[in-house]
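Listing of start17.txt, compact mmCIF, C-alpha atoms
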# COMPACT_ATOMS: atom_id res chain seq x y z
CA MET A 27 28.69 38.97 48.51
CA ASP A 28 30.06 40.68 45.40
CA ALA A 29 28.03 41.02 42.20
CA ASP A 30 29.56 38.04 40.36
CA ALA A 31 29.13 35.74 43.35
CA LEU A 32 25.53 36.87 43.85
CA TYR A 33 24.71 36.23 40.20
CA ALA A 34 26.30 32.77 40.27
CA ASP A 35 24.45 31.94 43.48
CA VAL A 36 21.03 32.94 42.16
CA VAL A 37 21.45 31.29 38.74
CA GLY A 38 22.74 28.16 40.42
CA LYS A 39 19.66 27.98 42.64
CA TYR A 40 17.38 28.54 39.64
CA SER A 41 19.16 25.71 37.86
CA ARG A 42 18.95 23.32 40.81
CA HIS A 43 15.57 24.20 42.27
CA ILE A 44 13.37 26.25 39.90
CA ASN A 45 13.85 25.75 36.15
CA PRO A 46 17.28 24.96 34.69
CA TYR A 47 16.11 25.48 31.11
CA LEU A 48 14.67 28.91 31.85
CA ALA A 49 17.92 29.75 33.62
CA LYS A 50 19.87 28.95 30.45
CA LEU A 51 17.54 31.02 28.29
CA MET A 52 17.67 34.06 30.57
CA SER A 53 21.43 33.84 30.94
CA PHE A 54 21.88 33.68 27.17
CA ALA A 55 19.77 36.81 26.71
CA GLY A 56 21.86 38.65 29.30
CA PHE A 57 19.30 39.09 32.08
CA GLY A 58 20.87 39.66 35.48
CA VAL A 59 19.36 39.53 38.95
CA GLU A 60 16.76 42.22 39.58
CA MET A 61 17.43 44.02 42.84
CA ARG A 62 15.32 47.18 42.86
CA GLY A 63 12.60 48.96 40.92
CA GLU A 64 11.78 52.66 40.87
CA GLY A 65 9.31 54.35 38.52
CA CYS A 66 10.17 53.25 34.98
CA TYR A 67 13.51 51.70 35.89
CA LEU A 68 14.85 48.38 37.14
CA TYR A 69 18.28 47.91 38.71
CA ASP A 70 20.26 44.67 38.62
CA HIS A 71 22.90 43.03 40.83
CA GLU A 72 25.67 45.10 39.23
CA GLY A 73 23.80 48.35 39.79
CA ARG A 74 22.98 48.70 36.09
CA ARG A 75 19.81 50.66 35.32
CA PHE A 76 17.27 49.43 32.75
CA LEU A 77 14.34 51.29 31.26
CA ASP A 78 11.55 48.78 31.81
CA CYS A 79 9.71 48.64 28.50
CA LEU A 80 8.42 45.14 29.25
CA GLY A 81 6.70 46.34 32.40
CA GLY A 82 5.91 42.90 33.75
CA TYR A 83 3.85 42.19 30.60
CA GLY A 84 1.67 45.16 31.51
CA THR A 85 1.81 44.86 35.30
CA PHE A 86 3.55 48.12 36.14
CA SER A 87 1.12 50.63 34.68
CA VAL A 88 1.78 53.11 37.50
CA GLY A 89 5.48 52.22 37.59
CA HIS A 90 7.53 50.28 40.09
CA ARG A 91 6.69 50.96 43.72
CA HIS A 92 4.51 54.00 43.17
CA PRO A 93 4.69 55.86 46.51
CA LYS A 94 0.91 56.07 46.95
CA VAL A 95 0.44 52.36 46.34
CA VAL A 96 3.31 51.42 48.64
CA GLU A 97 1.92 53.72 51.33
CA ALA A 98 -1.52 52.11 51.05
CA VAL A 99 -0.08 48.60 51.40
CA LYS A 100 2.12 49.58 54.36
CA GLY A 101 -0.85 51.18 56.06
CA GLN A 102 -2.98 48.09 55.54
CA LEU A 103 -0.18 45.85 56.82
CA ASP A 104 -0.31 47.66 60.14
CA ASP A 105 -3.94 46.59 60.56
CA LEU A 106 -4.56 43.28 58.80
CA ALA A 107 -2.51 41.45 56.17
CA LEU A 108 -4.64 38.42 55.29
CA SER A 109 -8.35 37.94 55.76
CA GLY A 110 -9.69 35.36 58.16
CA LYS A 111 -12.48 34.87 55.56
CA ALA A 112 -15.19 34.68 58.23
CA PHE A 113 -15.82 38.44 58.37
CA PHE A 114 -16.63 41.13 55.82
CA SER A 115 -13.57 42.82 54.28
CA ARG A 116 -13.66 46.59 53.91
CA PRO A 117 -10.71 46.74 51.42
CA ALA A 118 -12.45 44.19 49.18
CA ALA A 119 -15.74 46.07 49.38
CA ASP A 120 -14.08 49.40 48.56
CA LEU A 121 -12.17 47.97 45.60
CA ALA A 122 -15.24 46.18 44.22
CA GLU A 123 -17.20 49.43 44.39
CA LYS A 124 -14.44 51.34 42.59
CA LEU A 125 -14.13 48.71 39.87
CA ALA A 126 -17.87 48.83 39.27
CA GLN A 127 -17.60 52.61 38.85
CA VAL A 128 -14.89 52.46 36.17
CA ALA A 129 -15.84 49.20 34.39
CA PRO A 130 -17.85 49.03 31.16
CA GLU A 131 -21.62 49.12 31.57
CA GLY A 132 -23.24 46.20 33.34
CA LEU A 133 -20.12 44.81 35.03
CA GLU A 134 -21.12 45.44 38.63
CA TYR A 135 -19.74 42.46 40.55
CA SER A 136 -16.21 41.23 41.25
CA PHE A 137 -14.73 37.89 42.22
CA PHE A 138 -11.21 38.38 43.54
CA CYS A 139 -8.37 35.93 42.98
CA ASN A 140 -4.60 36.15 42.57
CA SER A 141 -3.70 35.96 38.88
CA GLY A 142 -4.94 36.26 35.33
CA THR A 143 -5.26 32.54 34.78
CA GLU A 144 -7.40 32.22 37.92
CA ALA A 145 -9.60 35.05 36.66
CA VAL A 146 -10.05 33.19 33.37
CA GLU A 147 -10.79 29.92 35.15
CA ALA A 148 -13.54 31.62 37.13
CA ALA A 149 -14.99 33.25 34.02
CA LEU A 150 -15.12 29.95 32.13
CA LYS A 151 -16.72 28.22 35.10
CA PHE A 152 -19.26 31.02 35.52
CA ALA A 153 -20.15 30.91 31.82
CA LYS A 154 -20.74 27.17 31.86
CA GLY A 155 -22.67 27.36 35.12
CA THR A 156 -24.86 30.23 33.95
CA THR A 157 -25.78 28.82 30.54
CA GLY A 158 -25.69 25.09 31.28
CA ARG A 159 -23.73 24.68 28.04
CA ALA A 160 -20.28 23.23 27.33
CA LYS A 161 -19.11 24.74 24.03
CA ILE A 162 -16.52 27.51 24.25
CA VAL A 163 -15.21 29.55 21.32
CA SER A 164 -11.69 30.98 21.46
CA THR A 165 -9.16 32.27 18.94
CA HIS A 166 -5.94 31.05 17.37
CA GLY A 167 -2.93 32.86 18.83
CA SER A 168 -4.76 33.75 22.02
CA TYR A 169 -3.28 33.54 25.49
CA HIS A 170 -5.55 33.03 28.48
CA GLY A 171 -3.26 31.17 30.92
CA LYS A 172 -1.62 27.82 31.50
CA THR A 173 -3.80 26.08 34.09
CA LEU A 174 -5.84 23.27 32.56
CA GLY A 175 -9.08 25.14 31.90
CA ALA A 176 -7.45 28.36 30.75
CA LEU A 177 -4.92 26.36 28.74
CA ALA A 178 -7.73 24.63 26.88
CA THR A 179 -8.73 28.07 25.52
CA THR A 180 -5.19 29.26 24.81
CA GLY A 181 -4.69 29.26 21.07
CA ARG A 182 -1.27 27.79 20.58
CA GLU A 183 -0.70 24.06 20.26
CA LYS A 184 2.86 24.33 21.60
CA TYR A 185 1.49 24.89 25.09
CA ARG A 186 -1.52 22.55 24.89
CA LYS A 187 -0.41 19.39 23.10
CA ARG A 188 1.55 17.61 25.85
CA PHE A 189 -1.23 18.06 28.39
CA GLU A 190 -4.19 16.83 26.37
CA PRO A 191 -6.91 15.80 26.84
CA LEU A 192 -7.82 19.19 28.26
CA MET A 193 -11.28 20.61 28.97
CA PRO A 194 -13.46 19.43 26.05
CA GLY A 195 -15.75 21.54 23.93
CA VAL A 196 -13.36 24.34 22.88
CA GLU A 197 -13.36 25.47 19.24
CA PHE A 198 -10.86 27.93 17.76
CA VAL A 199 -11.38 30.53 15.04
CA ASP A 200 -8.99 33.03 13.50
CA TYR A 201 -8.59 36.17 15.57
CA GLY A 202 -10.07 39.26 13.98
CA ASP A 203 -12.26 37.22 11.62
CA ALA A 204 -15.74 38.27 12.75
CA GLU A 205 -17.48 36.11 10.17
CA ALA A 206 -15.73 32.95 11.36
CA ALA A 207 -16.63 33.69 14.98
CA VAL A 208 -20.25 34.54 14.16
CA ASN A 209 -20.60 31.30 12.20
CA THR A 210 -19.17 29.27 15.11
CA ILE A 211 -21.19 30.80 17.96
CA ASP A 212 -24.47 28.88 18.15
CA ASP A 213 -27.22 27.75 20.51
CA GLN A 214 -24.84 25.25 22.13
CA THR A 215 -22.23 27.89 22.96
CA ALA A 216 -21.62 28.80 26.58
CA CYS A 217 -19.28 31.66 25.77
CA MET A 218 -16.72 33.21 23.53
CA ILE A 219 -13.51 34.35 25.20
CA VAL A 220 -11.46 37.02 23.45
CA GLU A 221 -8.74 39.62 24.02
CA PRO A 222 -9.43 43.17 22.77
CA ILE A 223 -5.85 43.08 21.47
CA GLN A 224 -3.90 39.84 21.41
CA GLY A 225 -0.84 40.27 23.61
CA GLU A 226 1.14 37.04 23.39
CA GLY A 227 -0.20 36.57 19.86
CA GLY A 228 2.05 39.44 18.83
CA ILE A 229 0.15 42.66 19.67
CA ILE A 230 -2.54 41.90 17.10
CA VAL A 231 -5.15 44.65 16.73
CA PRO A 232 -8.49 43.43 15.32
CA PRO A 233 -10.54 45.39 12.78
CA ALA A 234 -12.91 48.04 14.10
CA GLY A 235 -16.28 46.51 14.91
CA TYR A 236 -14.86 43.05 15.67
CA LEU A 237 -15.95 42.97 19.30
CA ARG A 238 -19.35 44.43 18.41
CA ALA A 239 -19.94 41.56 15.99
CA LEU A 240 -19.05 39.05 18.70
CA ARG A 241 -21.32 40.80 21.18
CA GLU A 242 -24.24 40.66 18.76
CA ALA A 243 -23.66 36.98 17.94
CA CYS A 244 -23.52 36.04 21.63
CA ASP A 245 -26.72 37.95 22.31
CA ARG A 246 -28.54 36.22 19.45
CA HIS A 247 -27.68 32.77 20.76
CA GLY A 248 -27.83 33.34 24.51
CA ALA A 249 -24.08 32.85 24.88
CA LEU A 250 -21.87 34.94 27.14
CA LEU A 251 -19.00 37.14 26.00
CA ILE A 252 -15.85 36.92 28.13
CA ILE A 253 -13.44 39.78 27.50
CA ASP A 254 -9.91 39.01 28.69
CA GLU A 255 -8.47 42.37 29.73
CA VAL A 256 -5.59 40.93 31.74
CA GLN A 257 -3.06 42.79 29.58
CA THR A 258 -5.22 45.46 27.98
CA GLY A 259 -7.05 46.71 31.05
CA LEU A 260 -6.59 49.88 33.11
CA GLY A 261 -5.32 52.31 30.52
CA ARG A 262 -2.85 50.15 28.63
CA THR A 263 -4.40 50.77 25.19
CA GLY A 264 -5.32 54.43 25.64
CA ARG A 265 -8.75 53.55 27.07
CA MET A 266 -9.51 52.39 30.59
CA PHE A 267 -10.41 49.02 29.04
CA GLY A 268 -9.53 47.74 25.59
CA CYS A 269 -13.12 46.80 24.76
CA GLU A 270 -14.06 50.49 24.94
CA HIS A 271 -12.41 51.04 21.54
CA ASP A 272 -15.36 49.10 20.11
CA GLY A 273 -17.91 50.47 22.57
CA VAL A 274 -18.92 47.08 23.96
CA SER A 275 -19.10 45.37 27.32
CA GLY A 276 -18.76 41.72 28.19
CA ASP A 277 -20.90 39.55 30.43
CA LEU A 278 -17.63 38.69 32.14
CA MET A 279 -14.29 40.49 32.17
CA CYS A 280 -10.95 39.20 33.40
CA LEU A 281 -8.38 41.52 35.02
CA ALA A 282 -4.97 40.98 36.60
CA LYS A 283 -1.44 42.39 36.14
CA ALA A 284 -1.97 46.18 36.45
CA VAL A 285 -4.98 45.83 38.75
CA GLY A 286 -2.60 45.14 41.68
CA GLY A 287 -1.02 48.57 41.36
CA GLY A 288 2.34 47.06 40.46
CA VAL A 289 2.86 46.08 44.11
CA MET A 290 0.60 43.09 44.88
CA PRO A 291 -0.62 40.10 42.84
CA LEU A 292 -4.35 40.42 42.19
CA GLY A 293 -6.81 38.96 39.71
CA VAL A 294 -10.45 39.89 39.21
CA THR A 295 -13.36 38.31 37.37
CA MET A 296 -16.01 40.95 36.88
CA GLY A 297 -19.51 40.01 35.85
CA THR A 298 -23.08 41.18 35.43
CA GLN A 299 -25.78 40.82 38.05
CA ALA A 300 -27.41 38.09 35.97
CA VAL A 301 -24.25 35.98 35.92
CA PHE A 302 -23.49 36.38 39.62
CA GLU A 303 -27.10 35.59 40.55
CA ALA A 304 -26.97 32.41 38.46
CA ILE A 305 -23.76 31.28 40.18
CA TYR A 306 -24.18 32.40 43.77
CA GLU A 307 -27.93 32.43 44.51
CA PRO A 308 -28.14 28.62 44.65
CA ASN A 309 -24.87 28.39 46.61
CA PRO A 310 -23.03 31.46 48.00
CA LEU A 311 -19.88 29.33 48.25
CA ALA A 312 -19.98 28.02 44.67
CA HIS A 313 -16.62 29.63 43.87
CA THR A 314 -14.16 30.92 46.46
CA SER A 315 -10.48 31.69 47.02
CA THR A 316 -8.64 31.68 50.34
CA PHE A 317 -6.18 34.40 49.35
CA GLY A 318 -8.28 36.13 46.70
CA GLY A 319 -9.27 39.64 47.69
CA ASN A 320 -6.86 39.77 50.59
CA PRO A 321 -6.60 43.16 52.31
CA LEU A 322 -3.08 43.96 51.07
CA ALA A 323 -3.91 43.26 47.43
CA CYS A 324 -7.17 45.19 47.58
CA ALA A 325 -5.48 48.17 49.22
CA ALA A 326 -2.90 48.15 46.42
CA GLY A 327 -5.58 47.80 43.76
CA LEU A 328 -7.65 50.69 45.07
CA ALA A 329 -4.60 52.95 45.38
CA GLY A 330 -3.46 52.01 41.87
CA LEU A 331 -6.83 52.90 40.37
CA ARG A 332 -6.78 56.25 42.12
CA VAL A 333 -3.30 56.97 40.75
CA ILE A 334 -4.45 56.14 37.21
CA GLU A 335 -7.30 58.62 37.57
CA GLU A 336 -5.44 61.35 39.45
CA GLU A 337 -2.45 61.35 37.10
CA GLY A 338 -4.52 61.09 33.90
CA LEU A 339 -2.69 57.95 32.83
CA VAL A 340 -5.34 56.70 30.41
CA ALA A 341 -5.04 59.81 28.25
CA ARG A 342 -1.29 59.77 28.74
CA SER A 343 -1.12 56.21 27.44
CA GLU A 344 -2.83 57.27 24.24
CA GLN A 345 -0.66 60.36 23.74
CA VAL A 346 2.75 58.96 24.70
CA GLY A 347 1.94 55.65 23.03
CA ALA A 348 1.41 57.45 19.73
CA LEU A 349 4.77 59.17 20.23
CA MET A 350 6.53 55.88 20.95
CA ALA A 351 4.94 54.10 18.01
CA GLN A 352 5.93 56.89 15.64
CA GLY A 353 9.47 56.90 17.01
CA PHE A 354 9.72 53.17 16.40
CA ARG A 355 8.32 53.56 12.89
CA ASP A 356 10.97 56.17 12.14
CA VAL A 357 13.64 53.74 13.31
CA ALA A 358 12.06 50.80 11.46
CA ALA A 359 12.14 52.75 8.21
CA LYS A 360 15.94 52.53 8.34
CA TYR A 361 15.79 48.71 8.48
CA PRO A 362 13.13 47.65 5.97
CA ASP A 363 14.71 44.24 5.45
CA MET A 364 14.49 43.51 9.17
CA ILE A 365 11.30 45.20 10.42
CA GLY A 366 7.96 44.31 8.89
CA GLU A 367 5.53 46.33 11.00
CA VAL A 368 5.09 48.47 14.10
CA ARG A 369 1.55 48.22 15.52
CA GLY A 370 -0.56 48.56 18.64
CA LYS A 371 -2.68 50.97 20.63
CA GLY A 372 -1.64 53.23 23.48
CA LEU A 373 1.39 51.85 25.28
CA MET A 374 0.89 48.31 23.99
CA ILE A 375 3.18 48.22 20.97
CA GLY A 376 4.54 45.36 18.90
CA LEU A 377 7.49 45.43 16.54
CA GLU A 378 7.46 42.50 14.11
CA PHE A 379 10.59 41.22 12.39
CA THR A 380 10.64 39.81 8.87
CA MET A 381 12.61 36.72 9.91
CA ASP A 382 12.73 34.19 12.74
CA GLU A 383 15.12 34.25 15.71
CA VAL A 384 16.08 37.91 15.29
CA GLY A 385 13.98 38.88 18.30
CA GLU A 386 16.27 37.11 20.75
CA LEU A 387 19.31 38.91 19.35
CA VAL A 388 17.63 42.31 19.55
CA VAL A 389 16.45 41.66 23.12
CA ALA A 390 20.07 41.02 24.11
CA GLN A 391 21.24 44.13 22.27
CA LEU A 392 18.60 46.28 23.96
CA LEU A 393 19.65 44.94 27.35
CA LYS A 394 23.22 45.99 26.57
CA ARG A 395 21.84 49.48 26.00
CA GLY A 396 19.82 49.54 29.19
CA VAL A 397 16.33 48.74 27.87
CA CYS A 398 14.34 45.70 29.00
CA VAL A 399 11.89 44.08 26.54
CA ALA A 400 10.82 40.57 25.53
CA TYR A 401 9.27 38.85 22.56
CA ALA A 402 5.67 37.60 22.49
CA LEU A 403 5.21 34.01 23.69
CA ASN A 404 2.93 33.00 20.81
CA ASN A 405 4.83 34.95 18.16
CA PRO A 406 8.61 35.18 18.76
CA ARG A 407 8.99 37.43 15.72
CA VAL A 408 7.35 40.24 17.70
CA LEU A 409 9.01 42.39 20.33
CA ARG A 410 6.41 43.76 22.69
CA PHE A 411 6.73 47.10 24.47
CA GLU A 412 4.47 47.67 27.49
CA PRO A 413 6.23 50.30 29.61
CA PRO A 414 4.69 52.02 32.63
CA LEU A 415 2.05 54.56 31.66
CA ILE A 416 4.09 57.16 33.53
CA ILE A 417 6.92 56.94 30.96
CA THR A 418 8.17 60.37 29.88
CA GLU A 419 8.81 61.72 26.40
CA ALA A 420 12.55 61.70 27.17
CA GLN A 421 12.38 58.02 28.13
CA VAL A 422 10.48 57.25 24.92
CA GLN A 423 13.33 58.88 23.02
CA GLU A 424 15.80 56.83 25.06
CA ALA A 425 14.00 53.64 24.02
CA ALA A 426 13.93 54.64 20.35
CA GLU A 427 17.65 55.44 20.31
CA ALA A 428 18.44 52.12 22.01
CA LEU A 429 16.31 50.30 19.44
CA ASP A 430 18.16 52.04 16.60
CA GLY A 431 21.55 51.04 17.99
CA SER A 432 20.38 47.48 18.67
CA LEU A 433 19.07 47.00 15.15
CA ALA A 434 22.27 48.41 13.67
CA GLU A 435 24.48 46.03 15.65
CA THR A 436 22.17 43.08 14.97
CA THR A 437 22.36 43.85 11.25
CA GLU A 438 26.16 43.74 11.48
CA LEU A 439 26.06 40.43 13.36
CA LEU A 440 23.75 38.85 10.81
CA ALA A 441 25.97 40.05 7.95
CA MET A 442 28.94 38.29 9.56
CA LEU A 443 26.98 35.03 9.68
CA VAL A 444 26.11 35.06 5.96
Go ahead and render the structure in this file as structure tokens.
Amino acid sequence: MDADALYADVVGKYSRHINPYLAKLMSFAGFGVEMRGEGCYLYDHEGRRFLDCLGGYGTFSVGHRHPKVVEAVKGQLDDLALSGKAFFSRPAADLAEKLAQVAPEGLEYSFFCNSGTEAVEAALKFAKGTTGRAKIVSTHGSYHGKTLGALATTGREKYRKRFEPLMPGVEFVDYGDAEAAVNTIDDQTACMIVEPIQGEGGIIVPPAGYLRALREACDRHGALLIIDEVQTGLGRTGRMFGCEHDGVSGDLMCLAKAVGGGVMPLGVTMGTQAVFEAIYEPNPLAHTSTFGGNPLACAAGLAGLRVIEEEGLVARSEQVGALMAQGFRDVAAKYPDMIGEVRGKGLMIGLEFTMDEVGELVVAQLLKRGVCVAYALNNPRVLRFEPPLIITEAQVQEAAEALDGSLAETTELLAMLV
């Protein structure tokens, strides 16, 4: 099948059997059919190469198909692919031990699932079960998933409204406003759930001390702090975990995306001994998952963590992220009427436009120049860049040059429309 026929076949099947409206949106933006991934690059049905600066929304921290992760999964496949769930699992035990070694203080236990939203669901359930309370505090602009419980804590009405009534008892405060959160957390609060940096909210970095203030308020009232590190975890922000910028630890922490080593889907809800005792001592089967913690995913997760450590990717994220952010600021300075701000930490960078609907045009222009990005779901004015942590200085320069050319052509297109 030639390239055009393959593309038509896949888009047709998306339109008939998956999501016709998403198919239209992706086609308009110029996305093709992904065929292969290698390191920092994706290749489409026409053989075109794209520098992956979206990185699966933070999934591919060690790149696409890192050889050590692939080798670990292949080796595990030769022995056991899925757990029978009646026996102990060595891969799960090894990964849980490793996570406890690298996690912030006190987070010693892991519940394994398959995605970020499942990790959030477990954390919310554990918080309510541990405290016996129903009130949950979340933030405007947050993104915690789209299943009903997680959706109830996701801070954008666009995704919640049609599916209400959702889980009751959730109150929202402005992100980064410590005073508002502290005033809302009370003796009826089960937990506050928060991202160290809002991803879908538009790469929003809170003021220093924000998470510490939330930690202190939760401690005063006997509430739990859930830190959603699905996007920020495992080196993305220049620290192993985003909460380390504020020097705090949660009672519960949600991981996914990068924790699967860029090869397998994996979610994790980490918690303290006190939380896991409260949930599992009365009933060891209080919360389970058939596929969660399967041997293939755990083998990938353990190998991915080792790669992050062996290749120094946390420090590299901080160093190369600063280089990328500065490169983007240099470009943005040439387009002050179009770019409002470049912000972020490590290799989690947002570029905010001064006007609506420009993001879609720039995404298409970047694709033309061989760079893959997307705009934030809760803030379409913001392009988000979350490339693999293995990205090189030369590839950072490649991204900056592509951005410059894309903004120049978009400026010309907008001038023609005036």
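Nearest residue to Leu403 (chain A), choosing from A:Thr165, A:Ser315, A:Gln224, A:Ser343 and counting only C-alpha atoms: A:Gln224.
The interatomic distance for the pair CA of Asp70 (chain A) and CA of Gly58 (chain A) works out to 5.9 Å.
When only C-alpha atoms are used to compute distances to Pro406 (chain A), the closest of the residues A:Cys324, A:Gly227, A:Ser115, A:Ser275 turns out to be A:Gly227.
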Practice prompt. Record the distance separating CA of Asp356 (chain A) and CA of Glu412 (chain A), expressed in Å with one decimal.
Written response: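 Going from CA of Asp356 (chain A) over to CA of Glu412 (chain A) covers 18.7 Å.
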Discussion item. Env of region 176-180 of chain A: 10 Å cut, atoms = all atoms listed in the file, seq-sep filter 3 positions within chain, self excluded. Answer as number ranges by chain.
Written reply: A: 142-150, 162-173, 183-187, 189-198, 218-220, 404
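Near Ala304 (chain A), within 10 Å and counting all atoms listed in the file, sit Phe152, Ala153, Gly155, Thr156 and Thr157 of chain A; same-chain residues fewer than 6 positions away were not included.
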Item to complete: Go through A:Glu72, A:Tyr401, A:Gly293, A:Val388 one by one, measure the shortest atom-to-atom distance of each to Leu439 (chain A) using all atoms listed in the file, and give the residue with the smallest value.
Response: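 When distances to Leu439 (chain A) are compared using all atoms listed in the file, the smallest one comes from A:Val388.
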Fill in: Counting only C-alpha atoms, the option among A:His313, A:Arg241, A:Arg407, A:Lys161 closest to Gly376 (chain A)
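For Gly376 (chain A), the nearest of the given residues is A:Arg407.
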Fill in: Nearest residue to Ala312 (chain A) from the set A:Phe137, A:Met442, A:Ala118, A:Phe354 (distances using only C-alpha atoms)
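Once distances to Ala312 (chain A) are computed over only C-alpha atoms, the minimum belongs to A:Phe137.
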Worksheet item: Looking at all atoms listed in the file, which of A:Ala55, A:Ile252, A:Cys280, A:Val368 is the one that sits closest to Lys394 (chain A)?
Response: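 Result for the nearest residue to Lys394 (chain A): A:Ala55.
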Worksheet entry | Atomic separation - CA of Val399 (chain A) relative to CA of Phe54 (chain A), Å |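 Computing it gives 14.4 Å between the two atoms.
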Discussion item. Which residues are close to Asp272 (chain A), i.e. within 10 Å by all atoms listed in the file, leaving aside same-chain residues fewer than 4 positions away? Reply as a PyMOL selection string.
Written reply: chain A and resi 222+233-239+268
Around (20.5, 48.1, 8.4) in the file's frame, which residues reach within 10 Å when counting all atoms listed in the file? Return as an mmCIF file with C-alpha atoms, in the frame of the given file?
data_model
loop_
_atom_site.group_PDB
_atom_site.id
_atom_site.type_symbol
_atom_site.label_atom_id
_atom_site.label_comp_id
_atom_site.auth_asym_id
_atom_site.auth_seq_id
_atom_site.Cartn_x
_atom_site.Cartn_y
_atom_site.Cartn_z
ATOM 1 C CA ALA A 358 12.060 50.800 11.460
ATOM 2 C CA ALA A 359 12.140 52.750 8.210
ATOM 3 C CA LYS A 360 15.940 52.530 8.340
ATOM 4 C CA TYR A 361 15.790 48.710 8.480
ATOM 5 C CA PRO A 362 13.130 47.650 5.970
ATOM 6 C CA ASP A 363 14.710 44.240 5.450
ATOM 7 C CA MET A 364 14.490 43.510 9.170
ATOM 8 C CA ILE A 365 11.300 45.200 10.420
ATOM 9 C CA ASP A 430 18.160 52.040 16.600
ATOM 10 C CA LEU A 433 19.070 47.000 15.150
ATOM 11 C CA ALA A 434 22.270 48.410 13.670
ATOM 12 C CA GLU A 435 24.480 46.030 15.650
ATOM 13 C CA THR A 436 22.170 43.080 14.970
ATOM 14 C CA THR A 437 22.360 43.850 11.250
ATOM 15 C CA GLU A 438 26.160 43.740 11.480
ATOM 16 C CA ALA A 441 25.970 40.050 7.950
#
Item to complete: With a distance cut-off of 10 Å and all atoms listed in the file, select the neighbouring residues of Tyr69 (chain A), excluding the residue or stretch itself and same-chain residues fewer than 4 positions from it, and output the selection as a list in words.
Response: Gly58, Val59, Glu60, Met61, Arg62, Gly63, Glu64, Gly73, Arg74, Arg75, Phe76, Leu77, Asp78 and Gly396 of chain A
Please return the centre and edge lengths, in Å to one decimal, of a box with edges along x, y and z that contains all listed atoms of region 219-223 of chain A, widened by 4 Å on every side, as AutoDock Vina command-line options.
--center_x -9.7 --center_y 38.8 --center_z 23.3 --size_x 15.7 --size_y 16.8 --size_z 11.7
At a cut-off of 10 Å, using only C-alpha atoms, what residues contact Arg332 (chain A)? Leave out same-chain residues fewer than 4 positions from it and give the result as a compact mmCIF listing (two decimals) with C-alpha atoms, in the coordinates of the input.
# COMPACT_ATOMS: atom_id res chain seq x y z
CA LYS A 94 0.91 56.07 46.95
CA VAL A 95 0.44 52.36 46.34
CA LYS A 124 -14.44 51.34 42.59
CA GLY A 287 -1.02 48.57 41.36
CA ALA A 326 -2.90 48.15 46.42
CA GLY A 327 -5.58 47.80 43.76
CA LEU A 328 -7.65 50.69 45.07
CA GLU A 336 -5.44 61.35 39.45
CA GLU A 337 -2.45 61.35 37.10
CA GLY A 338 -4.52 61.09 33.90
Item to complete: Could you give me, as number ranges by chain, the residues that have an atom at most 12 Å away from the point (-16.2, 37.1, 9.7) in the coordinates of the file, using all atoms listed in the file?
Response: A: 199-211, 232-233, 235-240, 243
If you take all atoms listed in the file and a cut-off of 10 Å, which residues of region 67-86 of chain A touch region 254-262 of chain A, and what are their nearest atom pairs and distances in Å to one decimal, in chain and number order, as a tab-separated table?
residue	atom	partner	partner_atom	distance
A:Gly82	CA	A:Gln257	CA	9.9
A:Tyr83	CA	A:Gln257	CA	7.0
A:Gly84	CA	A:Gln257	CA	5.6
A:Thr85	CA	A:Gln257	CA	7.8
